[in-house]
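K.L.:
Input start-v5.txt, format and content: compact mmCIF, C-alpha atoms.
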# COMPACT_ATOMS: atom_id res chain seq x y z
CA MET C 908 0.00 0.00 0.00
CA THR C 909 1.08 3.61 -0.52
CA ALA C 910 1.66 6.03 2.30
CA SER C 911 -1.87 7.36 1.78
CA GLY C 912 -3.38 3.89 2.08
CA ASP C 913 -4.08 3.53 -1.65
CA ARG C 914 -3.34 0.32 -3.46
CA ARG C 915 0.13 0.06 -5.01
CA TYR C 916 -0.24 -0.62 -8.73
CA LYS C 917 2.12 -2.64 -10.90
CA ALA C 918 3.32 -0.10 -13.46
CA LEU C 919 5.30 -1.13 -16.54
CA PHE C 920 7.40 1.72 -17.93
CA ILE C 921 8.14 1.45 -21.67
CA PRO C 922 10.47 4.34 -22.59
CA ALA C 923 11.75 5.34 -25.99
CA TRP C 924 14.91 6.61 -24.26
CA TYR C 925 16.55 5.50 -21.02
CA PRO C 926 20.05 5.85 -19.55
CA SER C 927 22.46 3.16 -20.73
CA ALA C 928 26.16 2.37 -20.61
CA GLU C 929 26.54 3.82 -24.11
CA ASN C 930 24.62 6.99 -23.28
CA PRO C 931 24.23 7.54 -19.50
CA THR C 932 22.42 10.88 -19.91
CA ALA C 933 19.78 9.79 -22.44
CA GLY C 934 16.29 9.74 -20.99
CA GLY C 935 17.36 10.76 -17.52
CA PHE C 936 13.99 12.47 -17.14
CA VAL C 937 12.30 9.06 -17.56
CA ARG C 938 14.42 7.55 -14.79
CA GLU C 939 13.40 10.47 -12.56
CA HIS C 940 9.73 9.66 -13.26
CA ALA C 941 10.36 5.99 -12.52
CA GLN C 942 11.97 6.89 -9.19
CA ALA C 943 9.10 9.26 -8.39
CA VAL C 944 6.40 6.71 -9.21
CA SER C 945 8.22 3.97 -7.27
CA LEU C 946 7.36 5.84 -4.07
CA TYR C 947 3.71 4.94 -4.68
CA ASP C 948 3.68 2.00 -7.11
CA ASP C 949 5.73 -1.04 -8.10
CA VAL C 950 7.63 0.00 -11.23
CA THR C 951 9.28 -2.27 -13.78
CA VAL C 952 11.12 -0.73 -16.74
CA LEU C 953 11.13 -2.45 -20.15
CA TYR C 954 13.60 -0.66 -22.43
CA VAL C 955 14.09 -1.80 -26.01
CA GLN C 956 17.33 -0.09 -26.98
CA THR C 957 18.29 0.22 -30.62
CA VAL C 958 22.05 0.04 -31.20
CA PRO C 959 24.34 -0.18 -34.26
CA PRO C 960 24.13 -3.56 -36.03
CA LEU C 961 25.57 -6.33 -33.88
CA ARG C 962 27.25 -9.55 -34.94
CA GLY C 963 26.54 -13.21 -34.34
CA SER C 964 25.18 -14.14 -30.94
CA ASP C 965 25.34 -10.47 -29.87
CA ARG C 966 22.71 -9.52 -32.40
CA PHE C 967 20.07 -9.50 -29.67
CA SER C 968 20.79 -9.08 -25.97
CA TRP C 969 18.34 -9.47 -23.06
CA ARG C 970 19.45 -8.26 -19.63
CA GLU C 971 17.59 -7.97 -16.34
CA GLN C 972 18.99 -5.93 -13.47
CA MET C 973 18.11 -3.62 -10.60
CA ASP C 974 18.62 0.03 -11.53
CA ASP C 975 18.44 2.29 -8.44
CA GLY C 976 16.12 -0.25 -6.86
CA ILE C 977 13.86 -0.56 -9.90
CA PRO C 978 13.66 -3.87 -11.85
CA THR C 979 14.87 -3.03 -15.34
CA VAL C 980 14.76 -5.20 -18.46
CA ARG C 981 16.95 -4.09 -21.38
CA LEU C 982 16.54 -5.64 -24.80
CA ARG C 983 19.25 -4.51 -27.19
CA VAL C 984 18.39 -4.86 -30.86
CA PRO C 985 20.04 -3.63 -34.07
CA HIS C 986 18.98 -0.19 -35.24
CA ILE C 987 15.58 -0.75 -36.82
CA LYS C 988 12.67 1.09 -38.36
CA ALA C 989 9.41 2.00 -36.67
CA LEU C 990 7.50 -1.18 -37.46
CA SER C 991 10.35 -3.43 -36.36
CA TYR C 992 10.73 -1.45 -33.12
CA THR C 993 7.05 -1.93 -32.37
CA LEU C 994 7.33 -5.68 -33.00
CA ALA C 995 10.41 -5.86 -30.76
CA VAL C 996 8.53 -4.21 -27.87
CA LEU C 997 5.57 -6.55 -28.39
CA ALA C 998 7.89 -9.58 -28.35
CA ALA C 999 9.65 -8.33 -25.20
CA TYR C 1000 6.33 -7.89 -23.42
CA HIS C 1001 5.23 -11.36 -24.54
CA ARG C 1002 8.37 -12.82 -22.95
CA LEU C 1003 7.48 -11.13 -19.64
CA ALA C 1004 3.86 -12.29 -19.92
CA LEU C 1005 4.91 -15.89 -20.41
CA ARG C 1006 6.55 -15.68 -16.99
CA GLY C 1007 3.28 -14.50 -15.44
CA TYR C 1008 3.97 -10.78 -15.33
CA ARG C 1009 0.92 -8.60 -15.90
CA PRO C 1010 0.95 -4.90 -15.00
CA ASP C 1011 -2.04 -2.92 -13.79
CA VAL C 1012 -1.03 -0.04 -16.04
CA ILE C 1013 1.47 0.55 -18.86
CA HIS C 1014 3.27 3.88 -18.80
CA ALA C 1015 4.99 4.75 -22.09
CA HIS C 1016 7.41 7.65 -22.45
CA GLU C 1017 7.24 9.43 -25.80
CA TYR C 1018 4.91 8.61 -28.64
CA ILE C 1019 7.45 6.24 -30.25
CA ALA C 1020 7.05 3.89 -27.30
CA GLY C 1021 3.39 4.84 -27.02
CA LEU C 1022 2.46 3.00 -30.21
CA PRO C 1023 3.53 -0.50 -29.09
CA ALA C 1024 2.25 0.32 -25.59
CA VAL C 1025 -1.29 1.01 -26.78
CA LEU C 1026 -1.24 -2.13 -28.95
CA ILE C 1027 -0.28 -4.19 -25.90
CA GLY C 1028 -2.98 -2.41 -23.92
CA ARG C 1029 -5.63 -3.22 -26.52
CA LEU C 1030 -4.54 -6.85 -26.77
CA HIS C 1031 -4.44 -7.46 -23.01
CA ARG C 1032 -7.05 -4.97 -21.76
CA ILE C 1033 -4.53 -2.96 -19.75
CA PRO C 1034 -4.84 0.84 -19.41
CA VAL C 1035 -2.07 2.86 -21.04
CA VAL C 1036 -0.81 6.35 -20.22
CA VAL C 1037 1.82 8.22 -22.21
CA THR C 1038 4.17 10.90 -20.92
CA GLU C 1039 5.43 13.12 -23.73
CA HIS C 1040 8.74 15.02 -23.61
CA PHE C 1041 9.65 15.43 -27.29
CA THR C 1042 10.67 18.93 -28.47
CA GLY C 1043 9.88 17.96 -32.07
CA PHE C 1044 6.24 18.91 -31.48
CA VAL C 1045 7.25 22.42 -30.43
CA ARG C 1046 9.72 22.72 -33.33
CA ARG C 1047 7.16 21.34 -35.83
CA THR C 1048 9.53 18.64 -37.10
CA LEU C 1049 7.08 15.71 -37.10
CA GLY C 1050 5.68 14.42 -40.34
CA GLY C 1051 4.89 11.29 -42.33
CA VAL C 1052 4.97 7.99 -40.47
CA ARG C 1053 6.10 9.53 -37.19
CA LEU C 1054 3.13 11.88 -37.09
CA GLN C 1055 0.75 9.01 -37.75
CA GLU C 1056 2.37 7.03 -34.93
CA ALA C 1057 1.76 9.94 -32.59
CA ARG C 1058 -1.88 10.29 -33.68
CA ILE C 1059 -2.59 6.61 -33.02
CA ALA C 1060 -0.68 6.44 -29.74
CA PHE C 1061 -2.35 9.54 -28.31
CA ARG C 1062 -5.83 8.70 -29.55
CA TRP C 1063 -5.75 5.20 -28.08
CA ALA C 1064 -4.06 6.11 -24.79
CA ASP C 1065 -6.21 6.45 -21.69
CA ALA C 1066 -4.28 9.58 -20.75
CA VAL C 1067 -1.54 11.67 -22.36
CA MET C 1068 0.68 13.63 -19.98
CA PRO C 1069 2.75 16.35 -21.65
CA VAL C 1070 5.37 17.75 -19.28
CA SER C 1071 4.33 21.35 -19.97
CA ARG C 1072 1.33 23.35 -21.14
CA SER C 1073 3.46 24.62 -24.01
CA LEU C 1074 4.00 21.07 -25.20
CA GLN C 1075 0.29 20.26 -24.97
CA ARG C 1076 -0.51 23.28 -27.15
CA ALA C 1077 2.14 22.21 -29.66
CA ILE C 1078 0.64 18.70 -29.87
CA GLU C 1079 -2.85 20.13 -30.30
CA ASP C 1080 -1.56 22.43 -33.06
CA TYR C 1081 -1.03 19.28 -35.13
CA GLY C 1082 -4.75 18.61 -34.82
CA ILE C 1083 -4.11 15.71 -32.45
CA LYS C 1084 -6.80 15.04 -29.90
CA ALA C 1085 -6.23 13.16 -26.64
CA ARG C 1086 -7.21 13.06 -22.98
CA PHE C 1087 -4.51 15.46 -21.79
CA GLU C 1088 -3.27 16.09 -18.28
CA VAL C 1089 -0.06 18.07 -17.81
CA VAL C 1090 2.32 16.37 -15.36
CA PRO C 1091 5.80 17.90 -15.13
CA ASN C 1092 9.24 16.38 -14.94
CA ALA C 1093 10.57 15.44 -11.51
CA VAL C 1094 13.90 15.73 -9.69
CA ASP C 1095 15.37 14.48 -6.45
CA THR C 1096 14.95 17.48 -4.15
CA ASP C 1097 16.76 15.64 -1.37
CA LEU C 1098 19.90 15.41 -3.50
CA PHE C 1099 19.55 18.89 -4.99
CA ARG C 1100 19.45 21.30 -2.08
CA PRO C 1101 20.98 24.68 -1.22
CA GLY C 1102 24.59 24.99 -0.17
CA ASP C 1103 26.11 27.21 2.47
CA ARG C 1104 25.20 30.74 1.43
CA ASP C 1105 27.86 32.08 3.80
CA GLY C 1106 30.45 30.57 1.51
CA LYS C 1107 29.14 32.59 -1.45
CA GLY C 1108 28.91 36.23 -2.29
CA GLY C 1109 32.68 36.76 -2.57
CA SER C 1110 34.38 39.12 -4.96
CA SER C 1111 34.02 36.68 -7.85
CA LYS C 1112 30.64 35.19 -8.81
CA ARG C 1113 30.41 31.57 -9.90
CA LEU C 1114 28.21 31.02 -12.93
CA LEU C 1115 27.16 27.49 -13.82
CA PHE C 1116 25.93 25.80 -17.00
CA VAL C 1117 25.01 22.10 -17.09
CA GLY C 1118 24.07 20.39 -20.33
CA LEU C 1119 24.97 18.39 -23.40
CA LEU C 1120 27.62 19.95 -25.63
CA ASP C 1121 25.84 19.06 -28.83
CA PRO C 1122 26.75 20.11 -32.42
CA SER C 1123 23.16 21.28 -32.93
CA HIS C 1124 23.94 23.95 -30.33
CA LYS C 1125 20.43 23.49 -28.91
CA LYS C 1126 21.60 24.48 -25.44
CA GLY C 1127 22.77 27.85 -26.77
CA VAL C 1128 26.39 27.56 -25.66
CA PRO C 1129 27.78 29.67 -28.56
CA HIS C 1130 25.44 32.51 -27.54
CA LEU C 1131 26.48 32.09 -23.91
CA LEU C 1132 30.16 32.42 -24.81
CA GLN C 1133 29.43 35.50 -26.94
CA ALA C 1134 27.41 36.98 -24.08
CA LEU C 1135 30.27 36.42 -21.64
CA ALA C 1136 32.68 38.16 -24.00
CA ILE C 1137 30.33 41.16 -23.93
CA LEU C 1138 29.95 40.89 -20.15
CA ARG C 1139 33.71 40.89 -19.61
CA GLU C 1140 33.91 44.37 -21.14
CA ARG C 1141 31.66 45.56 -18.29
CA ARG C 1142 32.79 43.46 -15.34
CA ASP C 1143 35.41 40.82 -14.75
CA ASP C 1144 34.33 39.39 -11.38
CA TRP C 1145 32.94 36.06 -12.57
CA GLN C 1146 33.92 32.53 -13.52
CA LEU C 1147 31.83 30.05 -15.55
CA ASP C 1148 31.84 26.31 -14.95
CA ILE C 1149 30.52 24.23 -17.85
CA VAL C 1150 29.47 20.78 -16.60
CA GLY C 1151 28.70 18.28 -19.33
CA ASP C 1152 30.31 16.81 -22.39
CA GLY C 1153 29.62 16.06 -26.02
CA PRO C 1154 30.98 16.25 -29.56
CA ALA C 1155 31.05 20.07 -29.56
CA ARG C 1156 33.30 20.45 -26.52
CA THR C 1157 36.48 21.11 -28.52
CA GLU C 1158 34.64 23.62 -30.71
CA TYR C 1159 33.38 25.48 -27.61
CA GLN C 1160 36.81 25.49 -25.99
CA ARG C 1161 38.26 26.98 -29.15
CA ALA C 1162 35.48 29.61 -29.30
CA ALA C 1163 36.09 30.63 -25.67
CA ALA C 1164 39.79 31.13 -26.41
CA GLU C 1165 39.09 33.11 -29.59
CA LEU C 1166 36.65 35.35 -27.68
CA GLY C 1167 39.32 36.11 -25.10
CA ILE C 1168 37.54 34.40 -22.20
CA GLY C 1169 39.37 31.07 -22.20
CA GLU C 1170 40.73 31.55 -18.69
CA LYS C 1171 37.27 32.56 -17.41
CA VAL C 1172 35.51 29.38 -18.60
CA THR C 1173 36.31 25.95 -17.18
CA PHE C 1174 35.05 22.82 -18.92
CA GLN C 1175 34.50 20.36 -16.08
CA GLY C 1176 33.32 17.39 -18.16
CA LEU C 1177 30.51 14.95 -17.49
CA LYS C 1178 29.58 14.52 -13.82
CA SER C 1179 27.31 12.18 -11.89
CA LYS C 1180 24.10 13.54 -10.40
CA PRO C 1181 25.75 13.97 -6.96
CA GLY C 1182 28.62 15.74 -8.71
CA VAL C 1183 26.24 18.12 -10.48
CA ALA C 1184 24.47 18.77 -7.18
CA GLN C 1185 27.80 19.72 -5.58
CA TYR C 1186 28.56 22.21 -8.36
CA MET C 1187 25.13 23.74 -7.88
CA ARG C 1188 25.70 24.14 -4.14
CA GLN C 1189 28.88 26.08 -4.93
CA ALA C 1190 27.38 28.34 -7.63
CA ASP C 1191 25.85 31.80 -7.40
CA VAL C 1192 23.90 31.85 -10.69
CA PHE C 1193 22.65 29.13 -13.03
CA VAL C 1194 22.44 29.88 -16.75
CA LEU C 1195 20.72 27.84 -19.49
CA PRO C 1196 20.44 29.77 -22.80
CA SER C 1197 18.63 27.02 -24.75
CA LEU C 1198 17.28 27.62 -28.24
CA TRP C 1199 14.41 25.20 -27.55
CA GLU C 1200 13.26 23.15 -24.57
CA ASN C 1201 10.23 21.57 -22.96
CA LEU C 1202 10.61 21.49 -19.18
CA PRO C 1203 14.32 20.94 -18.48
CA CYS C 1204 15.11 18.94 -15.36
CA VAL C 1205 18.35 20.86 -14.92
CA LEU C 1206 16.40 24.06 -14.23
CA ILE C 1207 14.36 22.27 -11.58
CA GLU C 1208 17.62 21.00 -10.06
CA ALA C 1209 18.96 24.54 -9.99
CA MET C 1210 15.77 25.83 -8.35
CA ALA C 1211 15.90 23.04 -5.76
CA SER C 1212 19.48 24.18 -5.06
CA GLY C 1213 18.19 27.71 -4.42
CA LEU C 1214 19.93 29.26 -7.43
CA PRO C 1215 18.57 32.26 -9.31
CA ILE C 1216 18.38 31.47 -13.01
CA VAL C 1217 19.07 33.19 -16.31
CA SER C 1218 17.41 31.31 -19.16
CA THR C 1219 15.37 31.77 -22.31
CA LEU C 1220 11.77 32.34 -23.37
CA THR C 1221 11.19 28.99 -25.03
CA GLY C 1222 8.98 25.95 -24.49
CA GLY C 1223 7.87 25.36 -20.93
CA ILE C 1224 10.60 27.46 -19.31
CA PRO C 1225 8.31 30.50 -18.77
CA GLU C 1226 5.97 28.15 -16.86
CA MET C 1227 8.80 27.48 -14.41
CA ILE C 1228 10.71 30.73 -14.05
CA ASP C 1229 9.21 34.06 -12.94
CA GLY C 1230 10.56 37.34 -11.61
CA GLU C 1231 11.15 35.83 -8.19
CA THR C 1232 13.27 32.97 -9.53
CA GLY C 1233 15.18 34.46 -12.44
CA ILE C 1234 15.39 36.40 -15.69
CA LEU C 1235 14.33 35.17 -19.13
CA VAL C 1236 15.60 36.51 -22.45
CA PRO C 1237 14.86 35.70 -26.10
CA PRO C 1238 16.78 32.62 -27.31
CA GLY C 1239 19.80 33.31 -29.49
CA ASP C 1240 20.28 36.93 -28.33
CA ALA C 1241 23.78 37.25 -26.87
CA ALA C 1242 23.41 40.95 -26.08
CA GLU C 1243 20.22 40.41 -24.06
CA LEU C 1244 21.81 37.43 -22.32
CA ALA C 1245 24.83 39.51 -21.34
CA ALA C 1246 22.56 42.25 -19.99
CA ALA C 1247 20.55 39.74 -17.98
CA LEU C 1248 23.67 38.20 -16.45
CA GLU C 1249 25.00 41.64 -15.55
CA ARG C 1250 21.67 42.62 -14.00
CA MET C 1251 21.44 39.43 -11.98
CA MET C 1252 25.01 39.60 -10.73
CA GLY C 1253 24.25 43.10 -9.48
CA SER C 1254 21.08 42.10 -7.65
CA LEU C 1255 21.76 38.65 -6.17
CA ASP C 1256 20.69 39.83 -2.72
CA GLU C 1257 17.19 40.42 -4.08
CA TYR C 1258 16.65 36.70 -4.77
CA ASP C 1259 15.31 34.65 -1.87
CA SER C 1260 16.96 31.21 -2.00
CA GLY C 1261 14.32 29.76 0.34
CA LEU C 1262 11.50 30.96 -1.90
CA ILE C 1263 13.18 29.48 -4.99
CA VAL C 1264 13.53 26.14 -3.20
CA GLU C 1265 9.87 26.25 -2.16
CA LYS C 1266 8.77 26.78 -5.76
CA ALA C 1267 10.79 23.70 -6.77
CA ARG C 1268 8.84 21.43 -4.42
CA GLN C 1269 6.05 20.96 -6.96
CA TYR C 1270 8.62 19.02 -9.03
CA SER C 1271 9.81 16.73 -6.22
CA HIS C 1272 9.61 12.96 -6.54
CA GLN C 1273 6.94 12.96 -3.87
CA SER C 1274 4.77 15.53 -5.62
CA VAL C 1275 5.08 14.27 -9.20
CA GLY C 1276 4.94 10.61 -8.18
CA GLY C 1277 1.71 11.28 -6.32
CA ARG C 1278 0.19 13.04 -9.33
CA ILE C 1279 1.05 10.14 -11.64
CA HIS C 1280 -0.34 7.65 -9.12
CA SER C 1281 -3.61 9.61 -9.18
CA VAL C 1282 -3.73 9.26 -12.98
CA TYR C 1283 -3.19 5.52 -12.65
CA LYS C 1284 -5.92 5.29 -10.04
CA GLU C 1285 -8.37 7.01 -12.39
CA HIS C 1286 -7.83 4.52 -15.19
CA VAL C 1287 -6.94 1.16 -13.61
CA ARG C 1288 -9.93 -1.14 -13.81
CA ARG C 1289 -11.03 -2.40 -10.41
Rewrite the structure of this file - the entire thing - as structure tokens.

P.N.:
Amino acid sequence: MTASGDRRYKALFIPAWYPSAENPTAGGFVREHAQAVSLYDDVTVLYVQTVPPLRGSDRFSWREQMDDGIPTVRLRVPHIKALSYTLAVLAAYHRLALRGYRPDVIHAHEYIAGLPAVLIGRLHRIPVVVTEHFTGFVRRTLGGVRLQEARIAFRWADAVMPVSRSLQRAIEDYGIKARFEVVPNAVDTDLFRPGDRDGKGGSSKRLLFVGLLDPSHKKGVPHLLQALAILRERRDDWQLDIVGDGPARTEYQRAAAELGIGEKVTFQGLKSKPGVAQYMRQADVFVLPSLWENLPCVLIEAMASGLPIVSTLTGGIPEMIDGETGILVPPGDAAELAAALERMMGSLDEYDSGLIVEKARQYSHQSVGGRIHSVYKEHVRR
């Protein structure tokens, strides 16, 4: 039973993305949901992971393990098209069913996994809910087969849970109808917590960026570096830590040097969640100049750490950040970003760390897990 006395449901998570040895940061937001839901329900994760073509006996790989206390089944298959992926998920579920496993509810993450999930639900009379995170709806990049997959998955699902109101509107703009209920991303607010404020506020301010260093530049790092070059002409009392890694790291290091701020920017590399939390406890300001987003977990982590935020007016970010928690600027505008950083650095005392932390509580595992449990309770057949 849950803490509230409700029945604990057996929930099968079927994600399109999930952290793996090859890509430990992929789908981290799904793992956070799994951890949140596990406070109220018994979660099992079934992840069909597409990988480059394998050879011989390694062509297919089935592995069962405990991942942070959650039973996790990983089926590795060669990179395949949509239909083959759907068949692989169906076959993986069938293997679990043959062993007597039957969930009370199937919880898919992203429409790609939603299609096989709703087929399983129809075949076995199991309710299906879909959490959607994909920025492609906001960026209007869906078309053809993928759009039809989304239409079927959302129409057949018992509930569709976009992580932001912005994302729901973007899905509806495609003419897709569903039973929507916005449920946000979640973070561990016990891990991410404020540091010792007495150790901050020195002569030099510590700025922090955490994110993937991706050649698409979707996190806006080139604009951040340009903004810092502008900022340095006005004040020099800052240092930026960039936590994260990716194919564009060398390009960004070169750009920082060419802009004359190489010694002001430190590339710290990829860090574990506890490592990221430690950097946040040491920072004064968090900055995320993304070109597009939905509801980034890293901003919730920064809020839970009590950090004021400089970010951009895109996706669900304006639903998270207000005048009491930070400053938002248009994406891709280095001059506005520089001005916002300068303004924030000059008014840090006006931001109430305790208030920022309080606003992050709505994204805690306890809060979000309870909301998802309520959705399950509405749709599980008694």

K.L.:
For stretch 1230-1236 of chain C, please output as a list in words all residues within 6 Å (counting all atoms listed in the file; exclusion window: fewer than 5 positions along the same chain).

P.N.:
Pro1215, Ile1216, Val1217, Ser1218, Thr1219, Leu1220 and Ile1263 of chain C

K.L.:
Could you jot down the atom CA of C:Glu1039 to atom CA of C:Val980 separation for me, Å, one decimal place?

P.N.:
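Distance reported for this atom pair: 21.2 Å.
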
K.L.:
Can you work out the spacing between atom CA of C:Tyr1186 and atom CA of C:Thr1221 in Å, to one decimal?

P.N.:
25.0 Å

K.L.:
Ranking C:Asp1011, C:Glu1285, C:Glu1249, C:Asp949 by minimum distance to C:Leu1138 and counting all atoms listed in the file, which one comes first?

P.N.:
C:Glu1249

K.L.:
Quick one, how far is atom CA of C:Val1035 from atom CA of C:Ala1085?

P.N.:
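Answer for the atom CA of C:Val1035 to atom CA of C:Ala1085 separation: 12.4 Å.
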
K.L.:
Find, counting all atoms listed in the file, the residue in C:Gly1223, C:Gly1239, C:Gly1169, C:Gly1021 that gets nearest to C:His1124.

P.N.:
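Checking each of C:Gly1223, C:Gly1239, C:Gly1169, C:Gly1021 against C:His1124, counting all atoms listed in the file, the winner is C:Gly1239.
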
K.L.:
With a cut-off of 12 Å, could you pull out the residues of stretch 1178-1249 of chain C touching stretch 1146-1149 of chain C and give me the nearest pair of atoms for each, distance in Å to one decimal, using all atoms listed in the file, ordered by chain and ascending number, as JSON lines?

P.N.:
{"residue": "C:Lys1178", "atom": "CA", "partner": "C:Ile1149", "partner_atom": "CA", "distance": 10.6}
{"residue": "C:Val1183", "atom": "CA", "partner": "C:Ile1149", "partner_atom": "CA", "distance": 10.5}
{"residue": "C:Tyr1186", "atom": "CA", "partner": "C:Asp1148", "partner_atom": "CA", "distance": 8.4}
{"residue": "C:Met1187", "atom": "CA", "partner": "C:Asp1148", "partner_atom": "CA", "distance": 10.1}
{"residue": "C:Gln1189", "atom": "CA", "partner": "C:Asp1148", "partner_atom": "CA", "distance": 10.5}
{"residue": "C:Ala1190", "atom": "CA", "partner": "C:Asp1148", "partner_atom": "CA", "distance": 8.8}
{"residue": "C:Asp1191", "atom": "CA", "partner": "C:Gln1146", "partner_atom": "CA", "distance": 10.2}
{"residue": "C:Val1192", "atom": "CA", "partner": "C:Leu1147", "partner_atom": "CA", "distance": 9.5}
{"residue": "C:Phe1193", "atom": "CA", "partner": "C:Leu1147", "partner_atom": "CA", "distance": 9.6}
{"residue": "C:Val1194", "atom": "CA", "partner": "C:Leu1147", "partner_atom": "CA", "distance": 9.5}
{"residue": "C:Leu1195", "atom": "CA", "partner": "C:Ile1149", "partner_atom": "CA", "distance": 10.6}
{"residue": "C:Leu1248", "atom": "CA", "partner": "C:Leu1147", "partner_atom": "CA", "distance": 11.6}

K.L.:
To box stretch 1008-1023 of chain C, take all atoms listed in the file, fit an axis-aligned box, add 6 Å on each side, and give centre and edge lengths in Å to one decimal, as AutoDock Vina command-line options.

P.N.:
--center_x 2.7 --center_y -0.7 --center_z -22.0 --size_x 21.5 --size_y 32.2 --size_z 28.5
